[in-house]
>>> print(open('query19.pdb').read())   # PDB, C-alpha atoms
ATOM      1  CA  MET A   1      20.682   8.301 -51.296
ATOM      2  CA  ALA A   2      19.838   9.619 -47.850
ATOM      3  CA  ALA A   3      19.202   7.151 -45.061
ATOM      4  CA  SER A   4      15.640   6.465 -43.969
ATOM      5  CA  PRO A   5      14.235   8.788 -41.255
ATOM      6  CA  ASP A   6      14.040   5.900 -38.780
ATOM      7  CA  LYS A   7      17.649   4.872 -39.336
ATOM      8  CA  ALA A   8      18.865   8.462 -39.155
ATOM      9  CA  ARG A   9      17.104   9.043 -35.849
ATOM     10  CA  LYS A  10      18.446   6.022 -33.964
ATOM     11  CA  ALA A  11      20.151   7.259 -30.827
ATOM     12  CA  THR A  12      22.247   5.627 -28.142
ATOM     13  CA  LYS A  13      20.885   7.173 -24.973
ATOM     14  CA  LYS A  14      20.025   6.402 -21.396
ATOM     15  CA  PRO A  15      16.390   5.507 -20.687
ATOM     16  CA  ALA A  16      14.385   8.690 -20.176
ATOM     17  CA  ASP A  17      13.520   9.610 -16.605
ATOM     18  CA  ALA A  18       9.769   9.931 -16.697
ATOM     19  CA  MET A  19       8.361  13.382 -16.023
ATOM     20  CA  SER A  20       5.532  13.782 -13.540
ATOM     21  CA  LYS A  21       2.115  14.569 -14.965
ATOM     22  CA  GLU A  22       2.543  18.238 -13.982
ATOM     23  CA  GLU A  23       6.000  18.486 -15.554
ATOM     24  CA  LEU A  24       4.919  16.822 -18.768
ATOM     25  CA  LEU A  25       1.786  18.953 -19.010
ATOM     26  CA  GLY A  26       3.920  22.086 -18.623
ATOM     27  CA  ALA A  27       6.372  20.857 -21.243
ATOM     28  CA  TYR A  28       3.522  19.984 -23.595
ATOM     29  CA  GLY A  29       2.083  23.476 -23.187
ATOM     30  CA  ARG A  30       5.425  25.109 -24.012
ATOM     31  CA  MET A  31       5.940  22.905 -27.061
ATOM     32  CA  LEU A  32       2.394  23.672 -28.197
ATOM     33  CA  LEU A  33       3.010  27.411 -27.762
ATOM     34  CA  ILE A  34       6.074  27.192 -30.012
ATOM     35  CA  ARG A  35       4.191  25.125 -32.614
ATOM     36  CA  ARG A  36       1.196  27.492 -32.760
ATOM     37  CA  PHE A  37       3.433  30.586 -32.733
ATOM     38  CA  GLU A  38       5.485  29.293 -35.650
ATOM     39  CA  GLU A  39       2.376  28.351 -37.596
ATOM     40  CA  LYS A  40       1.094  31.912 -37.139
ATOM     41  CA  ALA A  41       4.486  33.346 -38.125
ATOM     42  CA  GLY A  42       4.307  31.304 -41.322
ATOM     43  CA  GLN A  43       0.870  32.754 -42.040
ATOM     44  CA  LEU A  44       2.054  36.322 -41.460
ATOM     45  CA  TYR A  45       5.041  35.727 -43.710
ATOM     46  CA  GLY A  46       2.704  34.556 -46.462
ATOM     47  CA  MET A  47       0.666  37.730 -46.005
ATOM     48  CA  GLY A  48       3.770  39.878 -46.482
ATOM     49  CA  LEU A  49       3.795  41.096 -42.873
ATOM     50  CA  ILE A  50       7.155  39.458 -42.129
ATOM     51  CA  ALA A  51      10.016  40.277 -44.476
ATOM     52  CA  GLY A  52      13.490  38.878 -44.985
ATOM     53  CA  PHE A  53      14.531  35.464 -43.758
ATOM     54  CA  CYS A  54      12.299  33.480 -41.427
ATOM     55  CA  HIS A  55      13.379  30.039 -40.184
ATOM     56  CA  LEU A  56      10.638  28.067 -38.438
ATOM     57  CA  TYR A  57      11.214  25.583 -35.597
ATOM     58  CA  ILE A  58       8.215  23.344 -36.296
ATOM     59  CA  GLY A  59       9.079  19.737 -35.436
ATOM     60  CA  GLN A  60      12.046  20.473 -33.162
ATOM     61  CA  GLU A  61      10.132  21.820 -30.143
ATOM     62  CA  ALA A  62      11.093  19.007 -27.765
ATOM     63  CA  VAL A  63      14.786  19.911 -27.900
ATOM     64  CA  VAL A  64      14.658  23.399 -26.436
ATOM     65  CA  VAL A  65      11.725  22.700 -24.096
ATOM     66  CA  GLY A  66      13.408  19.624 -22.636
ATOM     67  CA  MET A  67      16.723  21.422 -22.163
ATOM     68  CA  GLN A  68      15.083  24.455 -20.570
ATOM     69  CA  HIS A  69      13.786  22.165 -17.798
ATOM     70  CA  CYS A  70      17.390  21.689 -16.677
ATOM     71  CA  LEU A  71      18.300  25.352 -16.162
ATOM     72  CA  LYS A  72      18.236  27.806 -13.283
ATOM     73  CA  GLU A  73      18.296  31.595 -13.107
ATOM     74  CA  GLY A  74      21.653  32.886 -14.317
ATOM     75  CA  ASP A  75      22.189  30.212 -16.966
ATOM     76  CA  GLU A  76      22.513  31.374 -20.575
ATOM     77  CA  VAL A  77      21.120  30.277 -23.918
ATOM     78  CA  ILE A  78      22.512  31.170 -27.337
ATOM     79  CA  THR A  79      21.548  29.780 -30.729
ATOM     80  CA  SER A  80      21.458  30.266 -34.486
ATOM     81  CA  TYR A  81      18.944  31.991 -36.743
ATOM     82  CA  ARG A  82      16.284  29.281 -36.111
ATOM     83  CA  ASP A  83      15.597  30.956 -32.806
ATOM     84  CA  HIS A  84      11.908  31.703 -32.180
ATOM     85  CA  GLY A  85      11.403  28.484 -30.223
ATOM     86  CA  HIS A  86      14.365  29.214 -27.977
ATOM     87  CA  MET A  87      13.039  32.686 -27.228
ATOM     88  CA  LEU A  88       9.641  31.391 -26.191
ATOM     89  CA  ALA A  89      11.129  28.541 -24.168
ATOM     90  CA  THR A  90      13.225  30.990 -22.127
ATOM     91  CA  GLY A  91      10.061  32.902 -21.254
ATOM     92  CA  MET A  92      10.270  35.830 -23.655
ATOM     93  CA  ASP A  93       6.897  37.449 -24.350
ATOM     94  CA  PRO A  94       5.288  36.188 -27.597
ATOM     95  CA  LYS A  95       4.033  39.737 -28.235
ATOM     96  CA  GLY A  96       7.563  41.143 -28.253
ATOM     97  CA  VAL A  97       8.869  38.296 -30.389
ATOM     98  CA  MET A  98       6.090  38.624 -32.977
ATOM     99  CA  ALA A  99       6.440  42.414 -33.060
ATOM    100  CA  GLU A 100      10.137  42.011 -33.824
ATOM    101  CA  LEU A 101       9.364  39.547 -36.604
ATOM    102  CA  THR A 102       7.119  42.148 -38.212
ATOM    103  CA  GLY A 103       9.675  44.938 -37.760
ATOM    104  CA  ARG A 104       7.689  46.955 -35.212
ATOM    105  CA  ILE A 105       8.847  49.210 -32.399
ATOM    106  CA  GLY A 106       7.277  46.899 -29.804
ATOM    107  CA  GLY A 107       9.752  44.130 -30.679
ATOM    108  CA  TYR A 108      12.645  42.984 -28.530
ATOM    109  CA  SER A 109      15.154  44.757 -30.806
ATOM    110  CA  ARG A 110      12.803  47.697 -31.463
ATOM    111  CA  GLY A 111      12.008  46.365 -34.920
ATOM    112  CA  LYS A 112      15.589  46.498 -36.163
ATOM    113  CA  GLY A 113      16.724  42.891 -35.722
ATOM    114  CA  GLY A 114      13.948  40.858 -37.265
ATOM    115  CA  SER A 115      13.724  37.083 -37.096
ATOM    116  CA  MET A 116      17.413  36.321 -36.664
ATOM    117  CA  HIS A 117      18.602  38.953 -34.195
ATOM    118  CA  MET A 118      16.688  39.202 -30.925
ATOM    119  CA  PHE A 119      18.087  39.231 -27.409
ATOM    120  CA  SER A 120      16.864  39.310 -23.821
ATOM    121  CA  LYS A 121      19.480  39.637 -21.104
ATOM    122  CA  GLU A 122      16.673  39.473 -18.548
ATOM    123  CA  LYS A 123      15.719  35.968 -19.738
ATOM    124  CA  GLY A 124      19.323  34.862 -20.293
ATOM    125  CA  PHE A 125      18.838  34.689 -24.062
ATOM    126  CA  PHE A 126      21.897  35.953 -25.943
ATOM    127  CA  GLY A 127      20.610  35.668 -29.533
ATOM    128  CA  GLY A 128      19.735  34.523 -32.504
ATOM    129  CA  HIS A 129      22.769  34.771 -34.823
ATOM    130  CA  GLY A 130      22.745  34.833 -38.609
ATOM    131  CA  ILE A 131      26.357  33.733 -39.241
ATOM    132  CA  VAL A 132      26.545  29.937 -39.420
ATOM    133  CA  GLY A 133      28.462  28.632 -36.403
ATOM    134  CA  ALA A 134      29.353  32.076 -35.021
ATOM    135  CA  GLN A 135      27.277  31.578 -31.891
ATOM    136  CA  VAL A 136      29.364  28.570 -30.824
ATOM    137  CA  SER A 137      32.427  30.672 -30.053
ATOM    138  CA  LEU A 138      30.193  33.274 -28.387
ATOM    139  CA  GLY A 139      28.524  30.608 -26.254
ATOM    140  CA  THR A 140      31.965  29.383 -25.256
ATOM    141  CA  GLY A 141      32.771  32.977 -24.306
ATOM    142  CA  LEU A 142      29.719  33.071 -22.041
ATOM    143  CA  ALA A 143      30.990  29.918 -20.365
ATOM    144  CA  PHE A 144      34.449  31.490 -20.007
ATOM    145  CA  SER A 145      32.814  34.431 -18.216
ATOM    146  CA  ASN A 146      31.103  32.061 -15.783
ATOM    147  CA  TRP A 147      34.358  30.168 -15.220
ATOM    148  CA  TYR A 148      36.270  33.413 -14.621
ATOM    149  CA  ARG A 149      33.678  34.662 -12.133
ATOM    150  CA  GLU A 150      33.651  31.296 -10.356
ATOM    151  CA  ASN A 151      29.867  30.943 -10.370
ATOM    152  CA  ASP A 152      27.973  27.748 -11.245
ATOM    153  CA  ASN A 153      26.093  29.089 -14.261
ATOM    154  CA  VAL A 154      25.995  27.037 -17.464
ATOM    155  CA  SER A 155      25.889  28.139 -21.103
ATOM    156  CA  LEU A 156      23.661  26.161 -23.485
ATOM    157  CA  THR A 157      25.062  26.635 -26.987
ATOM    158  CA  TYR A 158      22.833  25.405 -29.827
ATOM    159  CA  TYR A 159      23.836  24.889 -33.469
ATOM    160  CA  GLY A 160      22.905  22.663 -36.387
ATOM    161  CA  GLU A 161      24.609  19.641 -37.911
ATOM    162  CA  GLY A 162      25.756  21.817 -40.823
ATOM    163  CA  ALA A 163      27.413  24.322 -38.512
ATOM    164  CA  SER A 164      29.104  21.462 -36.654
ATOM    165  CA  ASN A 165      31.633  21.288 -39.521
ATOM    166  CA  GLN A 166      32.806  24.879 -39.040
ATOM    167  CA  GLY A 167      36.385  25.355 -37.888
ATOM    168  CA  GLN A 168      35.461  27.749 -35.096
ATOM    169  CA  VAL A 169      33.312  24.992 -33.576
ATOM    170  CA  TYR A 170      36.352  22.756 -33.102
ATOM    171  CA  GLU A 171      38.379  25.672 -31.778
ATOM    172  CA  SER A 172      35.619  26.202 -29.231
ATOM    173  CA  TYR A 173      35.705  22.521 -28.251
ATOM    174  CA  ASN A 174      39.444  22.790 -27.657
ATOM    175  CA  LEU A 175      39.260  25.893 -25.450
ATOM    176  CA  ALA A 176      36.274  24.589 -23.503
ATOM    177  CA  ALA A 177      37.957  21.252 -22.812
ATOM    178  CA  LEU A 178      41.315  22.852 -22.018
ATOM    179  CA  LEU A 179      39.876  25.209 -19.381
ATOM    180  CA  LYS A 180      36.977  22.935 -18.319
ATOM    181  CA  LEU A 181      34.407  25.578 -19.223
ATOM    182  CA  PRO A 182      30.744  25.060 -18.181
ATOM    183  CA  VAL A 183      29.194  24.838 -21.645
ATOM    184  CA  VAL A 184      26.775  22.290 -23.087
ATOM    185  CA  PHE A 185      27.258  22.088 -26.846
ATOM    186  CA  ILE A 186      23.942  21.052 -28.429
ATOM    187  CA  ILE A 187      23.866  19.893 -32.047
ATOM    188  CA  GLU A 188      20.288  20.093 -33.347
ATOM    189  CA  ASN A 189      20.683  17.484 -36.068
ATOM    190  CA  ASN A 190      17.541  17.931 -38.169
ATOM    191  CA  ARG A 191      19.224  16.012 -41.027
ATOM    192  CA  TYR A 192      19.346  18.852 -43.579
ATOM    193  CA  ALA A 193      21.690  21.857 -43.603
ATOM    194  CA  MET A 194      19.758  24.108 -45.942
ATOM    195  CA  GLY A 195      19.211  21.583 -48.747
ATOM    196  CA  THR A 196      22.072  19.150 -48.155
ATOM    197  CA  SER A 197      21.485  15.963 -46.175
ATOM    198  CA  VAL A 198      23.890  15.211 -43.359
ATOM    199  CA  GLU A 199      24.974  12.005 -45.122
ATOM    200  CA  ARG A 200      26.254  14.025 -48.096
ATOM    201  CA  ALA A 201      28.053  16.677 -46.058
ATOM    202  CA  THR A 202      29.528  14.946 -43.011
ATOM    203  CA  ALA A 203      31.986  12.038 -42.968
ATOM    204  CA  SER A 204      31.223  11.364 -39.302
ATOM    205  CA  THR A 205      28.232   9.052 -39.015
ATOM    206  CA  ASP A 206      27.676   9.837 -35.332
ATOM    207  CA  LEU A 207      28.018  13.528 -34.526
ATOM    208  CA  SER A 208      27.995  12.833 -30.788
ATOM    209  CA  HIS A 209      31.500  11.385 -31.305
ATOM    210  CA  ASN A 210      32.800  14.727 -32.544
ATOM    211  CA  ALA A 211      33.787  15.610 -28.982
ATOM    212  CA  ALA A 212      35.995  12.523 -28.534
ATOM    213  CA  PRO A 213      39.347  14.066 -29.590
ATOM    214  CA  TRP A 214      39.035  16.534 -26.718
ATOM    215  CA  GLY A 215      38.002  13.946 -24.145
ATOM    216  CA  MET A 216      34.581  15.558 -23.862
ATOM    217  CA  PRO A 217      31.686  13.315 -22.742
ATOM    218  CA  SER A 218      28.713  13.156 -25.074
ATOM    219  CA  LEU A 219      25.334  11.568 -25.726
ATOM    220  CA  ALA A 220      23.179  11.014 -28.802
ATOM    221  CA  VAL A 221      19.559  11.727 -27.868
ATOM    222  CA  ASP A 222      16.114  11.228 -29.399
ATOM    223  CA  GLY A 223      15.345  14.903 -29.883
ATOM    224  CA  MET A 224      11.705  14.151 -30.697
ATOM    225  CA  ASP A 225      11.086  12.934 -27.112
ATOM    226  CA  VAL A 226      10.946  15.740 -24.544
ATOM    227  CA  GLN A 227      11.463  13.333 -21.645
ATOM    228  CA  ALA A 228      14.604  11.859 -23.238
ATOM    229  CA  VAL A 229      15.927  15.380 -23.864
ATOM    230  CA  LYS A 230      15.326  16.399 -20.249
ATOM    231  CA  ALA A 231      17.087  13.278 -18.914
ATOM    232  CA  ALA A 232      20.152  13.834 -21.096
ATOM    233  CA  GLY A 233      20.138  17.560 -20.388
ATOM    234  CA  GLU A 234      20.137  17.034 -16.644
ATOM    235  CA  GLN A 235      23.180  14.781 -16.957
ATOM    236  CA  ALA A 236      25.040  17.295 -19.108
ATOM    237  CA  VAL A 237      24.192  20.346 -16.996
ATOM    238  CA  ALA A 238      25.112  18.566 -13.738
ATOM    239  CA  HIS A 239      28.477  17.659 -15.279
ATOM    240  CA  CYS A 240      29.135  21.320 -16.090
ATOM    241  CA  ARG A 241      27.971  22.650 -12.706
ATOM    242  CA  ALA A 242      30.325  20.231 -10.964
ATOM    243  CA  GLY A 243      33.282  21.904 -12.685
ATOM    244  CA  LYS A 244      34.051  18.896 -14.901
ATOM    245  CA  GLY A 245      34.080  20.872 -18.139
ATOM    246  CA  PRO A 246      31.991  20.828 -21.317
ATOM    247  CA  PHE A 247      29.495  18.232 -22.522
ATOM    248  CA  LEU A 248      28.173  17.579 -26.042
ATOM    249  CA  LEU A 249      24.627  16.481 -26.886
ATOM    250  CA  GLU A 250      23.565  15.456 -30.375
ATOM    251  CA  MET A 251      19.805  15.908 -30.614
ATOM    252  CA  LYS A 252      18.432  13.768 -33.444
ATOM    253  CA  THR A 253      15.443  15.802 -34.539
ATOM    254  CA  TYR A 254      13.594  16.858 -37.694
ATOM    255  CA  ARG A 255      12.158  20.037 -39.167
ATOM    256  CA  TYR A 256       8.849  19.722 -41.007
ATOM    257  CA  ARG A 257       9.138  22.966 -42.978
ATOM    258  CA  GLY A 258      11.851  24.098 -45.356
ATOM    259  CA  HIS A 259      15.167  25.541 -44.217
ATOM    260  CA  SER A 260      13.535  28.968 -44.395
ATOM    261  CA  MET A 261      10.200  30.229 -45.682
ATOM    262  CA  SER A 262      11.719  30.643 -49.166
ATOM    263  CA  ASP A 263      12.793  26.993 -49.345
ATOM    264  CA  PRO A 264      10.500  24.637 -51.330
ATOM    265  CA  ALA A 265      12.330  21.640 -49.792
ATOM    266  CA  LYS A 266      12.468  19.613 -53.023
ATOM    267  CA  TYR A 267      15.484  17.691 -51.746
ATOM    268  CA  ARG A 268      13.269  15.328 -49.705
ATOM    269  CA  THR A 269      10.027  13.514 -50.381
ATOM    270  CA  ARG A 270       6.627  14.421 -49.018
ATOM    271  CA  GLU A 271       6.353  10.827 -47.816
ATOM    272  CA  GLU A 272       9.469  11.251 -45.666
ATOM    273  CA  VAL A 273       8.024  14.292 -43.902
ATOM    274  CA  GLN A 274       4.621  12.671 -43.432
ATOM    275  CA  LYS A 275       6.243   9.555 -41.951
ATOM    276  CA  MET A 276       8.099  11.649 -39.386
ATOM    277  CA  ARG A 277       4.948  13.562 -38.474
ATOM    278  CA  ALA A 278       2.904  10.390 -38.149
ATOM    279  CA  GLU A 279       5.386   8.309 -36.174
ATOM    280  CA  HIS A 280       7.686  10.658 -34.241
ATOM    281  CA  ASP A 281       5.947  13.982 -33.575
ATOM    282  CA  CYS A 282       6.918  15.331 -30.142
ATOM    283  CA  LEU A 283       3.448  16.740 -29.457
ATOM    284  CA  ASP A 284       1.658  13.539 -30.380
ATOM    285  CA  SER A 285       3.840  11.374 -28.145
ATOM    286  CA  ALA A 286       3.541  13.791 -25.198
ATOM    287  CA  ARG A 287      -0.222  14.044 -25.641
ATOM    288  CA  LYS A 288      -0.572  10.250 -25.700
ATOM    289  CA  ARG A 289       1.434   9.950 -22.478
ATOM    290  CA  LEU A 290      -0.664  12.669 -20.803
ATOM    291  CA  GLU A 291      -3.841  10.821 -21.703
ATOM    292  CA  GLU A 292      -2.343   7.686 -20.121
ATOM    293  CA  LEU A 293      -1.681   9.767 -16.989
ATOM    294  CA  GLY A 294      -5.319  10.793 -16.801
ATOM    295  CA  VAL A 295      -5.400  14.156 -18.587
ATOM    296  CA  SER A 296      -8.663  14.361 -20.505
ATOM    297  CA  GLU A 297      -9.080  15.266 -24.141
ATOM    298  CA  ALA A 298     -11.219  18.224 -23.029
ATOM    299  CA  GLU A 299      -8.365  19.583 -20.864
ATOM    300  CA  LEU A 300      -5.931  19.325 -23.763
ATOM    301  CA  LYS A 301      -8.414  21.023 -26.091
ATOM    302  CA  THR A 302      -8.841  23.894 -23.622
ATOM    303  CA  LEU A 303      -5.070  24.268 -23.370
ATOM    304  CA  ASP A 304      -4.769  24.414 -27.162
ATOM    305  CA  ASP A 305      -7.573  26.986 -27.402
ATOM    306  CA  ASN A 306      -5.918  29.184 -24.765
ATOM    307  CA  ILE A 307      -2.576  29.011 -26.545
ATOM    308  CA  LYS A 308      -4.148  29.841 -29.901
ATOM    309  CA  ALA A 309      -5.776  32.889 -28.291
ATOM    310  CA  ARG A 310      -2.426  33.932 -26.798
ATOM    311  CA  VAL A 311      -0.709  33.628 -30.173
ATOM    312  CA  GLN A 312      -3.487  35.571 -31.901
ATOM    313  CA  ALA A 313      -3.091  38.310 -29.286
ATOM    314  CA  ALA A 314       0.626  38.429 -30.108
ATOM    315  CA  ALA A 315      -0.150  38.761 -33.819
ATOM    316  CA  ASP A 316      -2.686  41.533 -33.134
ATOM    317  CA  PHE A 317      -0.193  43.369 -30.923
ATOM    318  CA  ALA A 318       2.483  43.123 -33.610
ATOM    319  CA  GLN A 319       0.253  44.512 -36.323
ATOM    320  CA  ALA A 320      -0.950  47.345 -34.083
ATOM    321  CA  SER A 321       2.555  48.338 -32.970
ATOM    322  CA  PRO A 322       4.020  51.256 -34.996
ATOM    323  CA  GLU A 323       7.019  50.913 -37.245
ATOM    324  CA  PRO A 324      10.271  52.351 -35.826
ATOM    325  CA  ASP A 325      10.912  56.042 -36.283
ATOM    326  CA  PRO A 326      13.703  56.670 -38.828
ATOM    327  CA  ALA A 327      15.757  58.113 -35.950
ATOM    328  CA  GLU A 328      16.123  54.544 -34.656
ATOM    329  CA  LEU A 329      18.727  54.014 -37.391
ATOM    330  CA  TYR A 330      21.162  55.968 -35.218
ATOM    331  CA  THR A 331      20.487  54.272 -31.885
ATOM    332  CA  ASP A 332      22.161  51.136 -30.439
ATOM    333  CA  VAL A 333      25.092  51.355 -32.851
ATOM    334  CA  LEU A 334      27.796  52.677 -30.497
ATOM    335  CA  VAL A 335      28.727  51.938 -26.893
ATOM    336  CA  GLU A 336      30.892  54.576 -25.266
ATOM    337  CA  GLY A 337      33.493  53.187 -22.897
TER
END
>>> encode(input="query19.pdb", output="structure tokens")
Amino acid sequence: MAASPDKARKATKKPADAMSKEELLGAYGRMLLIRRFEEKAGQLYGMGLIAGFCHLYIGQEAVVVGMQHCLKEGDEVITSYRDHGHMLATGMDPKGVMAELTGRIGGYSRGKGGSMHMFSKEKGFFGGHGIVGAQVSLGTGLAFSNWYRENDNVSLTYYGEGASNQGQVYESYNLAALLKLPVVFIIENNRYAMGTSVERATASTDLSHNAAPWGMPSLAVDGMDVQAVKAAGEQAVAHCRAGKGPFLLEMKTYRYRGHSMSDPAKYRTREEVQKMRAEHDCLDSARKRLEELGVSEAELKTLDDNIKARVQAAADFAQASPEPDPAELYTDVLVEG
């Protein structure tokens, strides 16, 4: 039997450095944008306007928003197929992201990549990757490039607790530790790899300890608290920028929806999901703190309305954008040296 949500989420972490009201309001707005965008994507999928696989990030917003607070221009982000939240957090245009989801020419990959394969070199976002764990070695390669060029850029490499068991992940740990590469490995432990709970698939009871054989420092973090994520992220990124090598963060988080839109999620109870929403939702906790800091309910309502309008505009743009011309099948498939 799987452990209770509360027990599974317990994290050994430093006390969170409190964000200022302005910082927290900005973080709340970015988390809310991801939440509303993903809700709209789910609606469009149900209408048949998004095809193929579609993995929603609802519930995990605090992880990528908190980590993004720690970055500067030139840093890189790479992740798995659950990538819409990461795109929006890096500043990619919701219109381009939604157009790509719907397979339209106005998308970031000109309608050819879909949900799992979008990129933006301008925003330092190096994908969305559909192969489980593949992005970890690529993220380590980004860090190798920074090390070779002797800059102080850092690679944030995200993957799930299921992918953390892949052999290439441990190979990446070894190379990163050996060369002291500036990479933050981020395990988004949402407790279920597709339909298998982490307790049934992983002998290690604390994934933050996975870095120990390579002498890599690590932290387990409450991934449902954006302020805790930011505090841990700042520590990890500073470690990398100082040339001390890689750092591992286990973000204890939770996804409210199924693994993908085709997943009925019968492997967990409705009560478990409702308990997480009621007691640990990242938006609820941030909103409560903002109200304590003097932000009015009316201000938060206006923010939500503006974000809903922005997401609706992205959906309208996507549906109005043409489908790719068949000639696009022959573009972007060969790079001549």
>>> atom_distance(input="query19.pdb", atom1="CA of Tyr57 in chain A", atom2="CA of Arg257 in chain A")
8.1 Å
>>> axis_aligned_box(input="query19.pdb", around="range 139-146 of chain A", padding_each_side="4 Å", output="lines of an AutoDock Vina configuration file")
center_x = 31.5
center_y = 31.9
center_z = -21.0
size_x = 13.9
size_y = 13.0
size_z = 18.5
>>> atom_distance(input="query19.pdb", atom1="CA of Asp305 in chain A", atom2="CA of Gly29 in chain A")
11.1 Å
>>> closest_residue(input="query19.pdb", among="A:Leu293, A:Ser321, A:Leu88, A:Leu71", to="Asn153 in chain A", atoms="all atoms listed in the file")
A:Leu71
>>> closest_residue(input="query19.pdb", among="A:Ala177, A:Ala193, A:Leu303, A:Ala314", to="Phe247 in chain A", atoms="all atoms listed in the file")
A:Ala177
>>> closest_residue(input="query19.pdb", among="A:Met19, A:Val184, A:Leu249, A:Leu32", to="Asn306 in chain A", atoms="all atoms listed in the file")
A:Leu32
